[in-house]
file final_34.cif (mmCIF, C-alpha atoms)
data_entry
loop_
_atom_site.label_atom_id
_atom_site.label_comp_id
_atom_site.auth_asym_id
_atom_site.auth_seq_id
_atom_site.Cartn_x
_atom_site.Cartn_y
_atom_site.Cartn_z
CA ASP A 259 -17.51 -6.54 -4.67
CA PRO A 260 -15.15 -3.80 -3.56
CA LYS A 261 -15.18 -3.04 0.15
CA ILE A 262 -13.18 0.19 -0.15
CA ILE A 263 -14.65 2.53 -2.73
CA GLN A 264 -12.65 5.40 -4.12
CA LYS A 265 -14.12 8.01 -6.41
CA PRO A 266 -13.38 9.12 -9.01
CA LYS A 267 -11.09 6.55 -10.59
CA TYR A 268 -9.44 9.16 -12.81
CA LEU A 269 -9.26 12.91 -12.31
CA VAL A 270 -7.72 15.65 -14.40
CA ALA A 271 -7.34 19.05 -12.75
CA VAL A 272 -5.98 22.42 -13.73
CA THR A 273 -3.04 23.91 -11.81
CA GLY A 274 -4.31 26.06 -8.95
CA SER A 275 -7.69 24.36 -8.67
CA GLU A 276 -9.08 22.33 -5.78
CA LYS A 277 -10.31 18.73 -5.80
CA ILE A 278 -11.76 16.27 -3.33
CA LEU A 279 -10.96 12.56 -3.49
CA ILE A 280 -13.63 10.35 -1.98
CA CYS A 281 -13.10 7.20 0.08
CA GLU A 282 -15.69 4.98 1.74
CA GLN A 283 -15.02 1.63 3.38
CA TYR A 284 -17.53 -1.08 4.21
CA LEU A 285 -15.27 -3.32 6.27
CA GLY A 286 -16.35 -1.93 9.64
CA HIS A 287 -12.82 -0.65 10.27
CA ASN A 288 -12.05 2.24 12.59
CA ALA A 289 -8.66 3.11 11.14
CA MET A 290 -8.32 4.69 7.71
CA TYR A 291 -5.33 5.97 5.80
CA TRP A 292 -4.23 7.81 2.71
CA TYR A 293 -1.16 6.81 0.69
CA ARG A 294 0.29 8.32 -2.46
CA GLN A 295 2.07 6.58 -5.31
CA SER A 296 4.06 8.88 -7.58
CA ALA A 297 6.01 7.84 -10.64
CA LYS A 298 9.30 6.09 -9.78
CA LYS A 299 8.68 6.39 -6.02
CA PRO A 300 7.50 3.86 -3.45
CA LEU A 301 4.01 4.10 -1.98
CA GLU A 302 4.19 6.85 0.58
CA PHE A 303 2.14 7.19 3.77
CA MET A 304 0.24 10.48 4.07
CA PHE A 305 -2.35 10.39 6.89
CA SER A 306 -3.72 8.10 9.53
CA TYR A 307 -7.18 8.44 11.11
CA SER A 308 -8.62 6.42 13.96
CA TYR A 309 -12.24 6.79 15.10
CA GLN A 310 -12.45 9.88 12.87
CA LYS A 311 -9.52 11.57 14.60
CA LEU A 312 -6.21 12.46 12.96
CA MET A 313 -3.46 10.28 14.40
CA ASP A 314 -0.52 11.03 12.11
CA ASN A 315 0.24 13.46 9.33
CA GLN A 316 3.34 12.87 7.22
CA THR A 317 2.41 15.38 4.56
CA ALA A 318 4.45 18.56 4.69
CA SER A 319 1.93 20.69 2.86
CA SER A 320 -1.25 22.05 4.42
CA ARG A 321 -2.78 21.95 0.93
CA PHE A 322 -3.71 18.34 1.72
CA GLN A 323 -6.58 18.09 4.20
CA PRO A 324 -8.34 14.84 5.09
CA GLN A 325 -12.01 15.09 6.01
CA SER A 326 -14.00 12.48 7.91
CA SER A 327 -17.72 13.25 7.89
CA LYS A 328 -18.73 9.71 8.85
CA LYS A 329 -17.04 6.80 10.58
CA ASN A 330 -16.48 4.94 7.31
CA HIS A 331 -15.49 7.96 5.21
CA LEU A 332 -12.13 9.62 4.80
CA ASP A 333 -12.01 12.09 1.93
CA LEU A 334 -8.92 14.02 0.86
CA GLN A 335 -9.20 17.66 -0.13
CA ILE A 336 -6.31 19.06 -2.14
CA THR A 337 -6.14 22.81 -2.74
CA ALA A 338 -3.96 24.95 -5.00
CA LEU A 339 -3.07 21.90 -7.10
CA LYS A 340 0.38 21.65 -8.65
CA PRO A 341 1.67 19.37 -11.44
CA ASP A 342 3.87 17.65 -8.80
CA ASP A 343 0.68 16.49 -7.07
CA SER A 344 0.04 14.18 -10.01
CA ALA A 345 -0.02 10.68 -8.55
CA THR A 346 -2.31 7.82 -7.69
CA TYR A 347 -3.86 8.29 -4.25
CA PHE A 348 -4.83 5.18 -2.35
CA CYS A 349 -7.17 4.96 0.59
CA ALA A 350 -6.70 2.07 3.03
CA SER A 351 -8.29 0.75 6.18
CA ARG A 352 -7.53 -1.64 8.99
CA GLY A 353 -9.30 -3.25 11.91
CA THR A 354 -8.14 -2.92 15.50
CA GLY A 355 -5.38 -5.05 16.97
CA GLY A 356 -1.76 -5.48 16.00
CA ASP A 357 -1.94 -8.17 13.39
CA THR A 358 -4.90 -7.34 11.19
CA GLU A 359 -4.75 -6.83 7.47
CA VAL A 360 -4.49 -3.45 5.80
CA PHE A 361 -6.76 -3.30 2.76
CA PHE A 362 -6.39 -0.80 -0.04
CA GLY A 363 -8.86 0.76 -2.42
CA LYS A 364 -8.25 0.78 -6.17
CA GLY A 365 -6.94 4.34 -6.09
CA THR A 366 -7.70 7.68 -7.74
CA ARG A 367 -5.26 8.65 -10.46
CA LEU A 368 -4.86 12.42 -10.37
CA THR A 369 -3.25 14.34 -13.22
CA VAL A 370 -2.63 18.05 -12.76
CA VAL A 371 -2.10 19.98 -16.00
CA GLN B 142 12.94 5.16 10.76
CA GLN B 143 12.05 1.99 8.88
CA LYS B 144 13.75 1.51 5.52
CA VAL B 145 12.61 -1.11 3.03
CA GLN B 146 14.50 -2.25 -0.05
CA GLN B 147 13.45 -4.82 -2.60
CA SER B 148 15.46 -6.84 -5.09
CA PRO B 149 15.66 -7.52 -7.88
CA GLU B 150 14.08 -4.47 -9.46
CA SER B 151 12.73 -6.68 -12.22
CA LEU B 152 12.56 -10.42 -12.75
CA THR B 153 11.57 -12.59 -15.70
CA VAL B 154 10.75 -16.25 -15.17
CA SER B 155 9.24 -18.94 -17.33
CA GLU B 156 5.73 -20.14 -16.63
CA GLY B 157 5.86 -22.80 -13.92
CA ALA B 158 9.34 -21.92 -12.65
CA MET B 159 9.67 -20.74 -9.04
CA ALA B 160 10.01 -16.97 -8.58
CA SER B 161 11.84 -15.64 -5.51
CA LEU B 162 11.65 -12.03 -4.42
CA ASN B 163 13.70 -10.40 -1.68
CA CYS B 164 12.89 -7.63 0.77
CA THR B 165 15.21 -6.19 3.40
CA PHE B 166 14.18 -3.92 6.24
CA SER B 167 16.07 -1.92 8.83
CA ASP B 168 14.16 -2.28 12.11
CA ARG B 169 14.78 -5.71 13.66
CA SER B 170 11.99 -5.17 16.20
CA SER B 171 9.35 -5.05 13.43
CA ASP B 172 6.74 -7.72 13.90
CA ASN B 173 4.50 -7.73 10.87
CA PHE B 174 5.22 -7.74 7.17
CA ARG B 175 3.00 -7.83 4.13
CA TRP B 176 3.39 -8.67 0.50
CA TYR B 177 1.06 -6.98 -1.98
CA ARG B 178 0.63 -7.35 -5.71
CA GLN B 179 -0.30 -4.54 -8.08
CA HIS B 180 -1.26 -5.23 -11.66
CA SER B 181 -0.55 -2.36 -14.02
CA GLY B 182 -2.88 0.55 -13.32
CA LYS B 183 -4.75 -1.33 -10.61
CA GLY B 184 -5.04 -1.32 -6.83
CA LEU B 185 -3.14 -3.35 -4.25
CA GLU B 186 -4.03 -6.96 -3.59
CA VAL B 187 -2.78 -8.44 -0.32
CA LEU B 188 -1.01 -11.75 -0.91
CA VAL B 189 0.39 -12.85 2.44
CA SER B 190 1.08 -11.32 5.83
CA ILE B 191 3.63 -12.77 8.23
CA PHE B 192 4.05 -11.89 11.90
CA SER B 193 6.74 -14.23 13.19
CA ASP B 194 9.97 -15.78 11.98
CA GLY B 195 9.51 -18.75 9.71
CA GLU B 196 7.23 -19.43 6.78
CA LYS B 197 3.63 -18.68 5.95
CA GLU B 198 1.86 -20.05 2.90
CA GLU B 199 -1.19 -18.59 1.16
CA GLY B 200 -2.05 -20.54 -1.98
CA SER B 201 0.92 -20.38 -4.34
CA PHE B 202 2.61 -17.64 -2.28
CA THR B 203 5.01 -18.38 0.58
CA ALA B 204 6.55 -15.68 2.74
CA HIS B 205 9.69 -16.42 4.70
CA LEU B 206 10.70 -14.06 7.50
CA ASN B 207 14.11 -13.95 9.15
CA ARG B 208 14.33 -10.95 11.44
CA ALA B 209 17.89 -11.71 12.53
CA SER B 210 19.06 -11.20 8.96
CA LEU B 211 16.50 -8.43 8.29
CA HIS B 212 14.99 -10.30 5.34
CA VAL B 213 11.54 -11.29 4.24
CA PHE B 214 11.25 -13.34 1.07
CA LEU B 215 8.34 -14.12 -1.19
CA HIS B 216 8.35 -17.34 -3.19
CA ILE B 217 5.80 -17.88 -5.94
CA ARG B 218 5.19 -21.51 -6.90
CA GLU B 219 4.41 -22.30 -10.54
CA PRO B 220 3.72 -18.71 -11.58
CA GLN B 221 1.39 -18.07 -14.49
CA PRO B 222 1.47 -15.18 -16.98
CA SER B 223 -1.42 -13.66 -15.00
CA ASP B 224 0.99 -13.31 -12.07
CA SER B 225 2.96 -10.72 -14.03
CA ALA B 226 2.70 -7.61 -11.86
CA LEU B 227 4.54 -5.33 -9.44
CA TYR B 228 5.16 -7.01 -6.09
CA LEU B 229 5.43 -4.74 -3.08
CA CYS B 230 6.85 -5.48 0.34
CA ALA B 231 5.54 -3.47 3.32
CA ALA B 232 6.99 -3.22 6.82
CA PRO B 233 5.55 -1.40 9.83
CA SER B 234 6.80 1.87 11.21
CA ASN B 235 7.78 2.09 14.87
CA MET B 236 4.19 3.13 15.60
CA GLY B 237 2.89 -0.01 13.93
CA TYR B 238 0.03 1.46 11.98
CA LYS B 239 2.04 3.08 9.22
CA LEU B 240 3.37 0.88 6.44
CA THR B 241 6.66 1.61 4.72
CA PHE B 242 6.84 0.18 1.22
CA GLY B 243 9.71 -0.84 -0.98
CA THR B 244 9.88 0.28 -4.61
CA GLY B 245 8.77 -3.15 -5.76
CA THR B 246 9.87 -5.98 -7.98
CA SER B 247 8.35 -6.06 -11.44
CA LEU B 248 7.71 -9.71 -12.28
CA LEU B 249 7.19 -10.93 -15.82
CA VAL B 250 6.11 -14.52 -16.33
CA ASP B 251 6.79 -15.75 -19.85
CA PRO B 252 4.34 -18.29 -21.25
#

call {"tool": "encode", "arguments": {"input": "final_34.cif", "output": "structure tokens"}}
result
Amino acid sequence: DPKIIQKPKYLVAVTGSEKILICEQYLGHNAMYWYRQSAKKPLEFMFSYSYQKLMDNQTASSRFQPQSSKKNHLDLQITALKPDDSATYFCASRGTGGDTEVFFGKGTRLTVV
Amino acid sequence: QQKVQQSPESLTVSEGAMASLNCTFSDRSSDNFRWYRQHSGKGLEVLVSIFSDGEKEEGSFTAHLNRASLHVFLHIREPQPSDSALYLCAAPSNMGYKLTFGTGTSLLVDP
């Protein structure tokens, strides 16, 4: 029974379009994150949210905008999509305290054509 | 800034033989490390987390941390073909909440 739900699992988008990747977690965590996994590259941190507030943004482009409408939601809006944005995007969450686990969702595989 | 490297890039072992994976990191003050597994096209499954020097065992997975030498190892006892996957090492950033990942070791367990 997945505790971090990402939707959709697969997504194909046209260059220049806009998409929203959905993430909901049912672990009661206050910290949520987005990571990206591109071909031949390590998993890369993008954003960190705590109590629905942005804590860290390591994404150079403003085309990537996280949105937290509820405590257990952290969606990712991507505008003006480019083929280089093709990747698998993982949502993650963590409880409070220094030594708690970080759990990942199953990812959304985005292909931009 | 934390740097994480994993070796080998790929590893083939026979079913039942011990598999040993290596991860090196750059920040000696780091205090928590995680090993994840990712089957092809799937999400990340946490295997073992370790927060102090020494060993920690979770089922058939044992992590060994030596911060003085900047290494954290993963040993897999009696691996099965179903253990064939990409194994990822993650170390914390200086802020603690951000994980820096290595590029992974692709493990193939031959039946």

call {"tool": "resolve_selection", "arguments": {"input": "final_34.cif", "expression": "the PyMOL selection byres ((chain A) within 12 of (chain B))", "output": "ChimeraX atom specification"}}
result
/A:260,262-264,267-268,289-308,313-316,345-367

call {"tool": "write_last_selection", "arguments": {"input": "final_34.cif", "atoms": "C-alpha atoms", "output": "PDB file, in the frame of the given file"}}
result
ATOM      1  CA  PRO A 260     -15.150  -3.800  -3.560  1.00  0.00           C
ATOM      2  CA  ILE A 262     -13.180   0.190  -0.150  1.00  0.00           C
ATOM      3  CA  ILE A 263     -14.650   2.530  -2.730  1.00  0.00           C
ATOM      4  CA  GLN A 264     -12.650   5.400  -4.120  1.00  0.00           C
ATOM      5  CA  LYS A 267     -11.090   6.550 -10.590  1.00  0.00           C
ATOM      6  CA  TYR A 268      -9.440   9.160 -12.810  1.00  0.00           C
ATOM      7  CA  ALA A 289      -8.660   3.110  11.140  1.00  0.00           C
ATOM      8  CA  MET A 290      -8.320   4.690   7.710  1.00  0.00           C
ATOM      9  CA  TYR A 291      -5.330   5.970   5.800  1.00  0.00           C
ATOM     10  CA  TRP A 292      -4.230   7.810   2.710  1.00  0.00           C
ATOM     11  CA  TYR A 293      -1.160   6.810   0.690  1.00  0.00           C
ATOM     12  CA  ARG A 294       0.290   8.320  -2.460  1.00  0.00           C
ATOM     13  CA  GLN A 295       2.070   6.580  -5.310  1.00  0.00           C
ATOM     14  CA  SER A 296       4.060   8.880  -7.580  1.00  0.00           C
ATOM     15  CA  ALA A 297       6.010   7.840 -10.640  1.00  0.00           C
ATOM     16  CA  LYS A 298       9.300   6.090  -9.780  1.00  0.00           C
ATOM     17  CA  LYS A 299       8.680   6.390  -6.020  1.00  0.00           C
ATOM     18  CA  PRO A 300       7.500   3.860  -3.450  1.00  0.00           C
ATOM     19  CA  LEU A 301       4.010   4.100  -1.980  1.00  0.00           C
ATOM     20  CA  GLU A 302       4.190   6.850   0.580  1.00  0.00           C
ATOM     21  CA  PHE A 303       2.140   7.190   3.770  1.00  0.00           C
ATOM     22  CA  MET A 304       0.240  10.480   4.070  1.00  0.00           C
ATOM     23  CA  PHE A 305      -2.350  10.390   6.890  1.00  0.00           C
ATOM     24  CA  SER A 306      -3.720   8.100   9.530  1.00  0.00           C
ATOM     25  CA  TYR A 307      -7.180   8.440  11.110  1.00  0.00           C
ATOM     26  CA  SER A 308      -8.620   6.420  13.960  1.00  0.00           C
ATOM     27  CA  MET A 313      -3.460  10.280  14.400  1.00  0.00           C
ATOM     28  CA  ASP A 314      -0.520  11.030  12.110  1.00  0.00           C
ATOM     29  CA  ASN A 315       0.240  13.460   9.330  1.00  0.00           C
ATOM     30  CA  GLN A 316       3.340  12.870   7.220  1.00  0.00           C
ATOM     31  CA  ALA A 345      -0.020  10.680  -8.550  1.00  0.00           C
ATOM     32  CA  THR A 346      -2.310   7.820  -7.690  1.00  0.00           C
ATOM     33  CA  TYR A 347      -3.860   8.290  -4.250  1.00  0.00           C
ATOM     34  CA  PHE A 348      -4.830   5.180  -2.350  1.00  0.00           C
ATOM     35  CA  CYS A 349      -7.170   4.960   0.590  1.00  0.00           C
ATOM     36  CA  ALA A 350      -6.700   2.070   3.030  1.00  0.00           C
ATOM     37  CA  SER A 351      -8.290   0.750   6.180  1.00  0.00           C
ATOM     38  CA  ARG A 352      -7.530  -1.640   8.990  1.00  0.00           C
ATOM     39  CA  GLY A 353      -9.300  -3.250  11.910  1.00  0.00           C
ATOM     40  CA  THR A 354      -8.140  -2.920  15.500  1.00  0.00           C
ATOM     41  CA  GLY A 355      -5.380  -5.050  16.970  1.00  0.00           C
ATOM     42  CA  GLY A 356      -1.760  -5.480  16.000  1.00  0.00           C
ATOM     43  CA  ASP A 357      -1.940  -8.170  13.390  1.00  0.00           C
ATOM     44  CA  THR A 358      -4.900  -7.340  11.190  1.00  0.00           C
ATOM     45  CA  GLU A 359      -4.750  -6.830   7.470  1.00  0.00           C
ATOM     46  CA  VAL A 360      -4.490  -3.450   5.800  1.00  0.00           C
ATOM     47  CA  PHE A 361      -6.760  -3.300   2.760  1.00  0.00           C
ATOM     48  CA  PHE A 362      -6.390  -0.800  -0.040  1.00  0.00           C
ATOM     49  CA  GLY A 363      -8.860   0.760  -2.420  1.00  0.00           C
ATOM     50  CA  LYS A 364      -8.250   0.780  -6.170  1.00  0.00           C
ATOM     51  CA  GLY A 365      -6.940   4.340  -6.090  1.00  0.00           C
ATOM     52  CA  THR A 366      -7.700   7.680  -7.740  1.00  0.00           C
ATOM     53  CA  ARG A 367      -5.260   8.650 -10.460  1.00  0.00           C
TER      54      ARG A 367
END

call {"tool": "residues_around", "arguments": {"input": "final_34.cif", "residues": "Ser181 of chain B", "least_positions_apart": "4", "cutoff": "12 Å", "atoms": "only C-alpha atoms", "output": "list in words"}}
result
Lys364 of chain A; Leu185, Glu186, Ser223, Asp224, Ser225, Ala226, Leu227, Tyr228, Ser247, Leu248 and Leu249 of chain B

call {"tool": "axis_aligned_box", "arguments": {"input": "final_34.cif", "around": "segment 328-341 of chain A", "padding_each_side": "5 Å", "output": "AutoDock Vina command-line options"}}
result
--center_x -8.5 --center_y 14.9 --center_z -0.4 --size_x 30.4 --size_y 30.0 --size_z 32.0

call {"tool": "atom_distance", "arguments": {"input": "final_34.cif", "atom1": "atom CA of Gln323 of chain A", "atom2": "atom CA of Lys144 of chain B"}}
result
26.3 Å

call {"tool": "residues_around", "arguments": {"input": "final_34.cif", "residues": "segment 202-216 of chain B", "least_positions_apart": "4", "cutoff": "9 Å", "atoms": "all atoms listed in the file", "output": "VMD selection string"}}
result
chain B and resid 159 to 172 174 to 176 188 to 198 230

call {"tool": "write_last_selection", "arguments": {"input": "final_34.cif", "atoms": "C-alpha atoms", "output": "PDB file, in the coordinates of the input"}}
result
ATOM      1  CA  MET B 159       9.670 -20.740  -9.040  1.00  0.00           C
ATOM      2  CA  ALA B 160      10.010 -16.970  -8.580  1.00  0.00           C
ATOM      3  CA  SER B 161      11.840 -15.640  -5.510  1.00  0.00           C
ATOM      4  CA  LEU B 162      11.650 -12.030  -4.420  1.00  0.00           C
ATOM      5  CA  ASN B 163      13.700 -10.400  -1.680  1.00  0.00           C
ATOM      6  CA  CYS B 164      12.890  -7.630   0.770  1.00  0.00           C
ATOM      7  CA  THR B 165      15.210  -6.190   3.400  1.00  0.00           C
ATOM      8  CA  PHE B 166      14.180  -3.920   6.240  1.00  0.00           C
ATOM      9  CA  SER B 167      16.070  -1.920   8.830  1.00  0.00           C
ATOM     10  CA  ASP B 168      14.160  -2.280  12.110  1.00  0.00           C
ATOM     11  CA  ARG B 169      14.780  -5.710  13.660  1.00  0.00           C
ATOM     12  CA  SER B 170      11.990  -5.170  16.200  1.00  0.00           C
ATOM     13  CA  SER B 171       9.350  -5.050  13.430  1.00  0.00           C
ATOM     14  CA  ASP B 172       6.740  -7.720  13.900  1.00  0.00           C
ATOM     15  CA  PHE B 174       5.220  -7.740   7.170  1.00  0.00           C
ATOM     16  CA  ARG B 175       3.000  -7.830   4.130  1.00  0.00           C
ATOM     17  CA  TRP B 176       3.390  -8.670   0.500  1.00  0.00           C
ATOM     18  CA  LEU B 188      -1.010 -11.750  -0.910  1.00  0.00           C
ATOM     19  CA  VAL B 189       0.390 -12.850   2.440  1.00  0.00           C
ATOM     20  CA  SER B 190       1.080 -11.320   5.830  1.00  0.00           C
ATOM     21  CA  ILE B 191       3.630 -12.770   8.230  1.00  0.00           C
ATOM     22  CA  PHE B 192       4.050 -11.890  11.900  1.00  0.00           C
ATOM     23  CA  SER B 193       6.740 -14.230  13.190  1.00  0.00           C
ATOM     24  CA  ASP B 194       9.970 -15.780  11.980  1.00  0.00           C
ATOM     25  CA  GLY B 195       9.510 -18.750   9.710  1.00  0.00           C
ATOM     26  CA  GLU B 196       7.230 -19.430   6.780  1.00  0.00           C
ATOM     27  CA  LYS B 197       3.630 -18.680   5.950  1.00  0.00           C
ATOM     28  CA  GLU B 198       1.860 -20.050   2.900  1.00  0.00           C
ATOM     29  CA  CYS B 230       6.850  -5.480   0.340  1.00  0.00           C
TER      30      CYS B 230
END

call {"tool": "atom_distance", "arguments": {"input": "final_34.cif", "atom1": "atom CA of Asp251 of chain B", "atom2": "atom CA of Gly200 of chain B"}}
result
20.5 Å

call {"tool": "atom_distance", "arguments": {"input": "final_34.cif", "atom1": "atom CA of Ile280 of chain A", "atom2": "atom CA of Gln335 of chain A"}}
result
8.7 Å

call {"tool": "resolve_selection", "arguments": {"input": "final_34.cif", "expression": "the PyMOL selection byres ((chain A and resi 330) around 9)", "output": "number ranges by chain"}}
result
A: 281-290, 310, 326-329, 331-332

call {"tool": "resolve_selection", "arguments": {"input": "final_34.cif", "expression": "the PyMOL selection byres ((chain B and resi 252) around 10)", "output": "list in words"}}
result
Val154, Ser155, Glu156, Gly157, Pro220, Gln221, Pro222, Ser223, Leu249, Val250 and Asp251 of chain B

call {"tool": "closest_residue", "arguments": {"input": "final_34.cif", "among": "A:Thr369, A:Gln325, A:Thr317, A:Thr273", "to": "Lys340 of chain A", "atoms": "only C-alpha atoms"}}
result
A:Thr273

call {"tool": "decode", "arguments": {"input": "final_34.cif", "residues": "segment 146-158 of chain B", "atoms": "N, CA and C atoms", "output": "PDB file, in the first residue's frame"}}
result
ATOM      1  N   GLN B 146      30.669   9.123  -4.457  1.00  0.00           N
ATOM      2  CA  GLN B 146      31.063   8.267  -5.577  1.00  0.00           C
ATOM      3  C   GLN B 146      30.855   6.827  -5.189  1.00  0.00           C
ATOM      4  N   GLN B 147      30.401   6.031  -6.152  1.00  0.00           N
ATOM      5  CA  GLN B 147      30.168   4.624  -5.892  1.00  0.00           C
ATOM      6  C   GLN B 147      31.015   3.763  -6.825  1.00  0.00           C
ATOM      7  N   SER B 148      31.416   2.614  -6.299  1.00  0.00           N
ATOM      8  CA  SER B 148      32.152   1.652  -7.122  1.00  0.00           C
ATOM      9  C   SER B 148      31.800   0.244  -6.658  1.00  0.00           C
ATOM     10  N   PRO B 149      31.879  -0.760  -7.554  1.00  0.00           N
ATOM     11  CA  PRO B 149      32.105  -0.551  -8.986  1.00  0.00           C
ATOM     12  C   PRO B 149      30.851  -0.011  -9.656  1.00  0.00           C
ATOM     13  N   GLU B 150      30.967   0.347 -10.886  1.00  0.00           N
ATOM     14  CA  GLU B 150      29.814   0.838 -11.650  1.00  0.00           C
ATOM     15  C   GLU B 150      28.835  -0.310 -11.880  1.00  0.00           C
ATOM     16  N   SER B 151      29.375  -1.494 -12.127  1.00  0.00           N
ATOM     17  CA  SER B 151      28.531  -2.668 -12.277  1.00  0.00           C
ATOM     18  C   SER B 151      29.238  -3.867 -11.651  1.00  0.00           C
ATOM     19  N   LEU B 152      28.436  -4.822 -11.230  1.00  0.00           N
ATOM     20  CA  LEU B 152      28.958  -5.978 -10.513  1.00  0.00           C
ATOM     21  C   LEU B 152      28.076  -7.179 -10.811  1.00  0.00           C
ATOM     22  N   THR B 153      28.718  -8.289 -11.163  1.00  0.00           N
ATOM     23  CA  THR B 153      27.993  -9.542 -11.380  1.00  0.00           C
ATOM     24  C   THR B 153      28.485 -10.551 -10.360  1.00  0.00           C
ATOM     25  N   VAL B 154      27.556 -11.158  -9.649  1.00  0.00           N
ATOM     26  CA  VAL B 154      27.908 -12.205  -8.687  1.00  0.00           C
ATOM     27  C   VAL B 154      26.999 -13.396  -8.916  1.00  0.00           C
ATOM     28  N   SER B 155      27.454 -14.541  -8.448  1.00  0.00           N
ATOM     29  CA  SER B 155      26.628 -15.738  -8.525  1.00  0.00           C
ATOM     30  C   SER B 155      25.655 -15.757  -7.357  1.00  0.00           C
ATOM     31  N   GLU B 156      24.521 -16.375  -7.600  1.00  0.00           N
ATOM     32  CA  GLU B 156      23.518 -16.504  -6.542  1.00  0.00           C
ATOM     33  C   GLU B 156      24.151 -17.125  -5.303  1.00  0.00           C
ATOM     34  N   GLY B 157      23.935 -16.469  -4.151  1.00  0.00           N
ATOM     35  CA  GLY B 157      24.467 -16.997  -2.899  1.00  0.00           C
ATOM     36  C   GLY B 157      25.837 -16.478  -2.518  1.00  0.00           C
ATOM     37  N   ALA B 158      26.546 -15.861  -3.453  1.00  0.00           N
ATOM     38  CA  ALA B 158      27.877 -15.311  -3.136  1.00  0.00           C
ATOM     39  C   ALA B 158      27.701 -13.903  -2.580  1.00  0.00           C
TER      40      ALA B 158
END
